[in-house]
$ cat run.cif   # mmCIF, C-alpha atoms
data_target
#
loop_
_atom_site.label_atom_id
_atom_site.label_comp_id
_atom_site.auth_asym_id
_atom_site.auth_seq_id
_atom_site.Cartn_x
_atom_site.Cartn_y
_atom_site.Cartn_z
CA MET A 81 85.48 147.30 123.45
CA LEU A 82 84.21 143.79 124.07
CA VAL A 83 86.91 141.18 123.68
CA PHE A 84 86.21 137.51 123.02
CA THR A 85 88.44 134.52 122.54
CA ARG A 86 87.18 132.22 119.81
CA LYS A 87 88.46 129.01 118.27
CA LYS A 88 88.24 128.00 114.64
CA ASP A 89 84.61 127.38 113.56
CA GLU A 90 83.24 129.22 116.58
CA SER A 91 81.14 132.29 116.05
CA LEU A 92 79.56 135.35 117.60
CA ILE A 93 76.06 136.70 117.21
CA ILE A 94 75.67 140.48 117.09
CA GLY A 95 72.11 141.59 117.66
CA ASN A 96 69.64 139.13 116.18
CA GLU A 97 70.85 139.14 112.64
CA ILE A 98 74.63 139.25 112.36
CA GLU A 99 76.79 136.18 112.76
CA VAL A 100 80.56 136.34 112.65
CA THR A 101 82.40 133.03 112.27
CA ILE A 102 86.12 132.35 112.56
CA LEU A 103 86.71 130.17 109.51
CA ASN A 104 90.44 129.73 109.64
CA ILE A 105 93.37 130.86 111.75
CA GLY A 106 96.70 131.26 110.00
CA SER A 107 99.96 132.74 111.08
CA GLY A 108 99.31 136.47 111.22
CA ASN A 109 95.82 136.41 109.72
CA VAL A 110 92.37 135.06 110.39
CA LYS A 111 89.64 134.32 107.91
CA VAL A 112 86.28 135.63 109.08
CA GLY A 113 82.87 134.82 107.65
CA ILE A 114 79.99 137.21 108.13
CA ASN A 115 76.33 136.39 107.75
CA ALA A 116 74.29 139.56 107.81
CA PRO A 117 71.13 140.89 106.21
CA ARG A 118 71.69 142.46 102.83
CA TYR A 119 70.97 145.94 104.08
CA ILE A 120 74.01 145.80 106.37
CA SER A 121 77.13 146.90 104.52
CA VAL A 122 80.41 145.31 105.50
CA HIS A 123 83.73 146.75 104.37
CA ARG A 124 87.38 146.32 105.15
CA HIS A 125 88.16 149.15 107.55
CA GLU A 126 91.20 150.35 105.58
CA VAL A 127 89.15 150.60 102.38
CA TYR A 128 86.54 152.75 104.08
CA GLU A 129 89.28 154.91 105.61
CA ALA A 130 90.96 155.32 102.21
CA ILE A 131 87.69 156.58 100.72
CA LYS A 132 87.16 158.94 103.65
CA ARG A 133 90.67 160.36 103.18
CA GLU A 134 90.12 160.73 99.46
CA ASN A 135 86.84 162.60 99.95
CA LEU A 136 88.54 164.96 102.40
CA ALA A 137 91.36 165.55 99.91
CA ALA A 138 88.83 166.02 97.09
CA SER A 139 86.99 168.67 99.09
CA LYS A 140 90.18 170.74 99.09
CA SER A 141 90.51 170.59 95.30
CA GLN A 142 91.69 173.64 93.44
CA ILE A 143 89.41 175.28 90.91
CA PRO A 144 90.59 173.86 87.58
CA LYS A 145 91.53 177.18 85.93
CA THR A 146 93.11 175.42 83.02
CA ASP A 147 92.07 173.91 79.73
CA ILE A 148 93.92 170.62 80.22
CA PHE A 149 90.73 168.83 81.21
CA LYS A 150 88.77 170.03 78.20
CA LYS A 151 90.22 167.23 76.09
CA LEU A 152 88.16 164.79 78.13
CA LEU A 153 85.09 166.31 76.52
CA GLY A 154 86.20 164.70 73.27
CA MET B 1311 66.37 178.17 96.61
CA LEU B 1312 69.53 180.21 96.98
CA VAL B 1313 72.65 178.07 97.40
CA HIS B 1314 75.76 179.66 98.89
CA THR B 1315 78.96 178.37 97.34
CA VAL B 1316 82.45 179.31 98.40
CA SER B 1317 83.80 179.41 94.87
CA PHE B 1318 80.88 180.61 92.78
CA GLY B 1319 78.87 182.88 95.04
CA ASP B 1320 75.12 182.47 95.44
CA LEU B 1321 73.34 180.33 92.89
CA ASP B 1322 69.62 179.82 92.43
CA VAL B 1323 68.74 176.12 92.44
CA PRO B 1324 65.20 174.67 92.14
CA GLU B 1325 64.08 172.74 95.24
CA ASP B 1326 63.43 169.62 93.17
CA LYS B 1327 67.14 169.41 92.37
CA ILE B 1328 68.02 168.48 95.96
CA ILE B 1329 69.55 165.00 96.29
CA THR B 1330 69.37 163.23 99.65
CA PHE B 1331 72.27 161.07 100.79
CA LYS B 1332 70.80 159.18 103.77
CA GLU B 1333 74.19 158.09 105.08
CA GLY B 1334 76.10 161.19 104.05
CA LEU B 1335 79.43 160.51 102.37
CA PRO B 1336 82.46 158.73 103.88
CA GLY B 1337 84.27 161.52 105.74
CA PHE B 1338 81.14 163.70 105.66
CA ALA B 1339 78.58 161.51 107.38
CA GLN B 1340 76.74 164.56 108.74
CA LEU B 1341 75.92 165.94 105.27
CA HIS B 1342 72.72 164.68 103.72
CA ARG B 1343 71.44 167.26 101.24
CA PHE B 1344 73.34 168.11 98.08
CA VAL B 1345 72.77 169.65 94.70
CA ILE B 1346 74.70 169.05 91.50
CA LEU B 1347 75.61 172.31 89.81
CA ASP B 1348 76.27 172.50 86.10
CA LEU B 1349 78.46 175.43 85.23
CA ASP B 1350 79.81 175.91 81.73
CA GLU B 1351 83.17 177.13 82.97
CA LEU B 1352 83.63 173.93 85.01
CA LYS B 1353 83.18 171.44 82.19
CA PRO B 1354 84.01 168.54 82.08
CA PHE B 1355 83.39 168.72 85.84
CA GLN B 1356 80.19 169.29 87.73
CA TYR B 1357 79.98 170.51 91.28
CA LEU B 1358 78.43 168.50 94.10
CA GLN B 1359 77.52 171.13 96.68
CA SER B 1360 76.40 170.36 100.23
CA LEU B 1361 73.36 172.27 101.50
CA ASP B 1362 74.12 171.27 105.09
CA ASP B 1363 76.87 172.55 107.31
CA PRO B 1364 79.77 172.63 106.51
CA PRO B 1365 79.02 173.69 102.94
CA ILE B 1366 81.65 171.50 101.36
CA SER B 1367 81.76 170.83 97.66
CA LEU B 1368 83.31 168.19 95.48
CA TYR B 1369 84.20 168.22 91.82
CA ILE B 1370 82.57 165.26 90.12
CA ILE B 1371 82.87 163.92 86.62
CA ASN B 1372 81.22 161.35 84.40
CA PRO B 1373 83.55 158.35 84.89
CA PHE B 1374 82.68 156.87 81.50
CA MET B 1375 84.18 159.96 79.90
CA VAL B 1376 87.50 159.00 81.50
CA ASP B 1377 87.26 155.22 81.18
CA PRO B 1378 84.70 154.01 78.64
CA THR B 1379 85.15 150.44 79.93
CA TYR B 1380 84.31 151.37 83.53
CA GLU B 1381 81.83 148.89 84.98
CA PHE B 1382 80.58 147.73 88.34
CA ARG B 1383 77.77 145.84 89.99
CA LEU B 1384 75.73 147.37 92.78
CA THR B 1385 74.82 145.21 95.76
CA ASP B 1386 71.17 144.66 96.65
CA SER B 1387 71.78 146.76 99.75
CA ASP B 1388 73.10 149.67 97.67
CA MET B 1389 70.18 149.41 95.28
CA ALA B 1390 67.72 149.37 98.18
CA ASP B 1391 69.37 152.37 99.84
CA ILE B 1392 68.60 154.56 96.85
CA ASN B 1393 65.27 152.93 96.14
CA CYS B 1394 66.47 151.75 92.76
CA LYS B 1395 65.00 148.79 90.92
CA ASN B 1396 66.53 149.35 87.53
CA SER B 1397 70.09 150.54 87.03
CA SER B 1398 69.01 152.49 83.95
CA GLU B 1399 67.44 154.99 86.38
CA LEU B 1400 70.85 155.82 87.76
CA ALA B 1401 73.28 158.61 87.12
CA VAL B 1402 76.90 157.78 87.95
CA TYR B 1403 79.63 160.22 88.98
CA ALA B 1404 83.21 159.92 90.17
CA VAL B 1405 84.71 162.31 92.72
CA ALA B 1406 87.75 164.19 91.42
CA THR B 1407 90.71 165.35 93.48
CA ILE B 1408 92.46 168.27 91.82
CA PRO B 1409 95.72 169.24 93.54
CA GLU B 1410 97.71 172.40 92.95
CA ASN B 1411 99.29 170.79 89.91
CA PRO B 1412 96.16 169.93 87.90
CA GLY B 1413 98.14 167.43 85.84
CA GLU B 1414 98.16 165.21 88.92
CA ALA B 1415 94.37 165.18 89.23
CA THR B 1416 92.82 161.84 90.10
CA ILE B 1417 89.33 160.39 90.26
CA ASN B 1418 87.95 157.85 92.68
CA LEU B 1419 86.67 154.92 90.66
CA MET B 1420 86.48 152.61 93.66
CA ALA B 1421 83.70 154.64 95.27
CA PRO B 1422 81.40 156.10 92.61
CA ILE B 1423 78.43 158.27 93.50
CA VAL B 1424 75.18 156.85 92.21
CA VAL B 1425 72.01 158.91 92.05
CA ASN B 1426 68.45 157.74 91.55
CA GLU B 1427 67.35 160.75 89.54
CA LYS B 1428 63.66 159.98 89.84
CA ASP B 1429 63.57 159.84 93.65
CA ARG B 1430 66.56 162.19 94.10
CA LEU B 1431 68.39 159.71 96.34
CA GLY B 1432 72.16 159.35 96.23
CA LYS B 1433 74.89 157.20 97.72
CA GLN B 1434 78.62 156.93 97.42
CA VAL B 1435 79.00 153.18 97.05
CA ILE B 1436 82.12 151.16 97.78
CA LEU B 1437 82.83 148.57 95.13
CA ILE B 1438 83.67 145.34 96.89
CA GLU B 1439 86.61 143.42 95.44
CA SER B 1440 87.02 146.19 92.94
CA ARG B 1441 90.02 146.46 90.66
CA TYR B 1442 89.54 150.22 90.54
CA SER B 1443 91.63 152.72 92.44
CA VAL B 1444 90.60 155.58 94.71
CA LYS B 1445 93.28 157.58 92.88
CA GLN B 1446 92.96 156.85 89.19
CA PRO B 1447 94.92 159.49 87.22
CA LEU B 1448 92.44 161.66 85.38
CA LEU B 1449 94.63 162.46 82.41
CA ALA B 1450 95.83 159.39 80.53
CA ASP B 1451 99.30 160.80 79.82
CA ASN B 1452 99.81 160.96 83.57
CA ASN B 1453 99.21 157.26 84.12
CA THR B 1454 102.77 156.56 85.15
CA SER B 1455 102.80 159.14 87.91
CA GLU B 1456 103.18 158.26 91.53
CA ALA B 1457 99.46 158.82 91.92
CA LYS B 1458 98.91 155.33 90.57
CA ALA B 1459 101.36 153.76 92.97
CA LYS B 1460 99.55 155.39 95.85
CA GLY B 1461 96.21 153.88 94.82
CA ALA B 1462 94.57 151.73 97.44
#

$ encode --input "run.cif" --output "structure tokens"
Amino acid sequence: MLVFTRKKDESLIIGNEIEVTILNIGSGNVKVGINAPRYISVHRHEVYEAIKRENLAASKSQIPKTDIFKKLLG
Amino acid sequence: MLVHTVSFGDLDVPEDKIITFKEGLPGFAQLHRFVILDLDELKPFQYLQSLDDPPISLYIINPFMVDPTYEFRLTDSDMADINCKNSSELAVYAVATIPENPGEATINLMAPIVVNEKDRLGKQVILIESRYSVKQPLLADNNTSEAKAKGA
């Protein structure tokens, strides 16, 4: 892992197209601004991990051998 | 094309039903080819079956059936990924998690699966700044369960 020390309003360039700027430094959190092309998706890591976990849990679903879901059909 | 499913044996699926997920799915990045199986006995669910290894499958459901007010906006990058210019070309599904007690089933409204049906391209998108949960209780009378508290 590359480690940098940055001050407020300083930034990093990743590749040719991604710029990461430290916008504000608080106590216990930093505000980060990202300029990237629209085809690059940026997500909070914990959100992505939560969706990964949910997909793994979903893949272990039980076959719904019950009628309780039929009411959703209206 | 014969599709091997763990739960339903071998099913014959036309080649033109294959949906390509370029990035795979979160947690299953290595899986790119899927089909959606419609089986009467599974209604209201459908079955998203991987054609790559491992042959995982997910129960999916029409999210508007569960929450008629469900809405979201796709980013330009999501639209481009599935070659979509007009959202009316899209089919939308939510992934269901059905535990041993089916009354505790949830659906993931934060990361819907969108499919460009014309080009057969799919993506599980992550709704940025979404108010929707990855664990929305599927049955309304279960809305007070701990499933909701666990939502991310």

$ closest_atom_pairs --input "run.cif" --of "chain A" --to "chain B" --cutoff "12 Å" --atoms "all atoms listed in the file" --output "CSV"
residue,atom,partner,partner_atom,distance
A:Ala116,CA,B:Ser1387,CA,11.1
A:Pro117,CA,B:Ser1387,CA,8.8
A:Arg118,CA,B:Ser1387,CA,5.3
A:Tyr119,CA,B:Ser1387,CA,4.5
A:Ile120,CA,B:Ser1387,CA,7.1
A:Ser121,CA,B:Ser1387,CA,7.2
A:Val122,CA,B:Ile1438,CA,9.2
A:His123,CA,B:Ile1438,CA,7.6
A:Arg124,CA,B:Ile1438,CA,9.1
A:His125,CA,B:Ile1436,CA,11.7
A:Glu126,CA,B:Ala1462,CA,8.9
A:Val127,CA,B:Ala1462,CA,7.4
A:Tyr128,CA,B:Pro1336,CA,7.2
A:Glu129,CA,B:Pro1336,CA,8.0
A:Ala130,CA,B:Ala1462,CA,7.0
A:Ile131,CA,B:Pro1336,CA,6.5
A:Lys132,CA,B:Gly1337,CA,4.4
A:Arg133,CA,B:Gly1337,CA,7.0
A:Glu134,CA,B:Val1444,CA,7.0
A:Asn135,CA,B:Gly1337,CA,6.4
A:Leu136,CA,B:Gly1337,CA,6.4
A:Ala137,CA,B:Thr1407,CA,6.5
A:Ala138,CA,B:Thr1407,CA,4.1
A:Ser139,CA,B:Leu1368,CA,5.2
A:Lys140,CA,B:Thr1407,CA,7.8
A:Ser141,CA,B:Ile1408,CA,4.6
A:Gln142,CA,B:Ile1408,CA,5.7
A:Ile143,CA,B:Ile1408,CA,7.7
A:Pro144,CA,B:Pro1412,CA,6.8
A:Lys145,CA,B:Leu1352,CA,8.6
A:Thr146,CA,B:Pro1412,CA,8.0
A:Asp147,CA,B:Lys1353,CA,9.5
A:Ile148,CA,B:Gly1413,CA,7.7
A:Phe149,CA,B:Pro1354,CA,6.8
A:Lys150,CA,B:Pro1354,CA,6.3
A:Lys151,CA,B:Pro1354,CA,8.7
A:Leu152,CA,B:Met1375,CA,6.5
A:Leu153,CA,B:Pro1354,CA,6.1
A:Gly154,CA,B:Met1375,CA,8.4

$ resolve_selection --input "run.cif" --expression "the PyMOL selection byres ((chain A and resi 88-97) around 10)" --output "JSON, numbers by chain"
{"A": [84, 85, 86, 87, 98, 99, 100, 101, 102, 103, 104, 105, 110, 111, 112, 113, 114, 115, 116, 117, 120]}

$ closest_residue --input "run.cif" --among "B:Lys1395, B:Arg1441, B:Arg1383, B:Arg1430" --to "Ile1329 (chain B)" --atoms "all atoms listed in the file"
B:Arg1430

$ atom_distance --input "run.cif" --atom1 "CA of Glu1399 (chain B)" --atom2 "CA of Asp1429 (chain B)"
9.6 Å

$ resolve_selection --input "run.cif" --expression "the PyMOL selection byres ((chain B and resi 1344) around 6)" --output "ChimeraX atom specification"
/B:1328-1329,1343,1345,1359-1361

$ write_last_selection --input "run.cif" --atoms "C-alpha atoms" --output "compact mmCIF listing (two decimals), in the frame of the given file"
# COMPACT_ATOMS: atom_id res chain seq x y z
CA ILE B 1328 68.02 168.48 95.96
CA ILE B 1329 69.55 165.00 96.29
CA ARG B 1343 71.44 167.26 101.24
CA VAL B 1345 72.77 169.65 94.70
CA GLN B 1359 77.52 171.13 96.68
CA SER B 1360 76.40 170.36 100.23
CA LEU B 1361 73.36 172.27 101.50

$ atom_distance --input "run.cif" --atom1 "CA of Lys1327 (chain B)" --atom2 "CA of Gln1446 (chain B)"
28.9 Å

$ closest_residue --input "run.cif" --among "B:Phe1318, B:Tyr1380, B:Phe1331, B:Tyr1403" --to "Asp1362 (chain B)" --atoms "all atoms listed in the file"
B:Phe1331

$ atom_distance --input "run.cif" --atom1 "CA of Ile1423 (chain B)" --atom2 "CA of Asp1326 (chain B)"
18.8 Å

$ closest_residue --input "run.cif" --among "B:Val1323, B:Val1313, B:Leu1341, B:Val1424" --to "Ile1392 (chain B)" --atoms "only C-alpha atoms"
B:Val1424
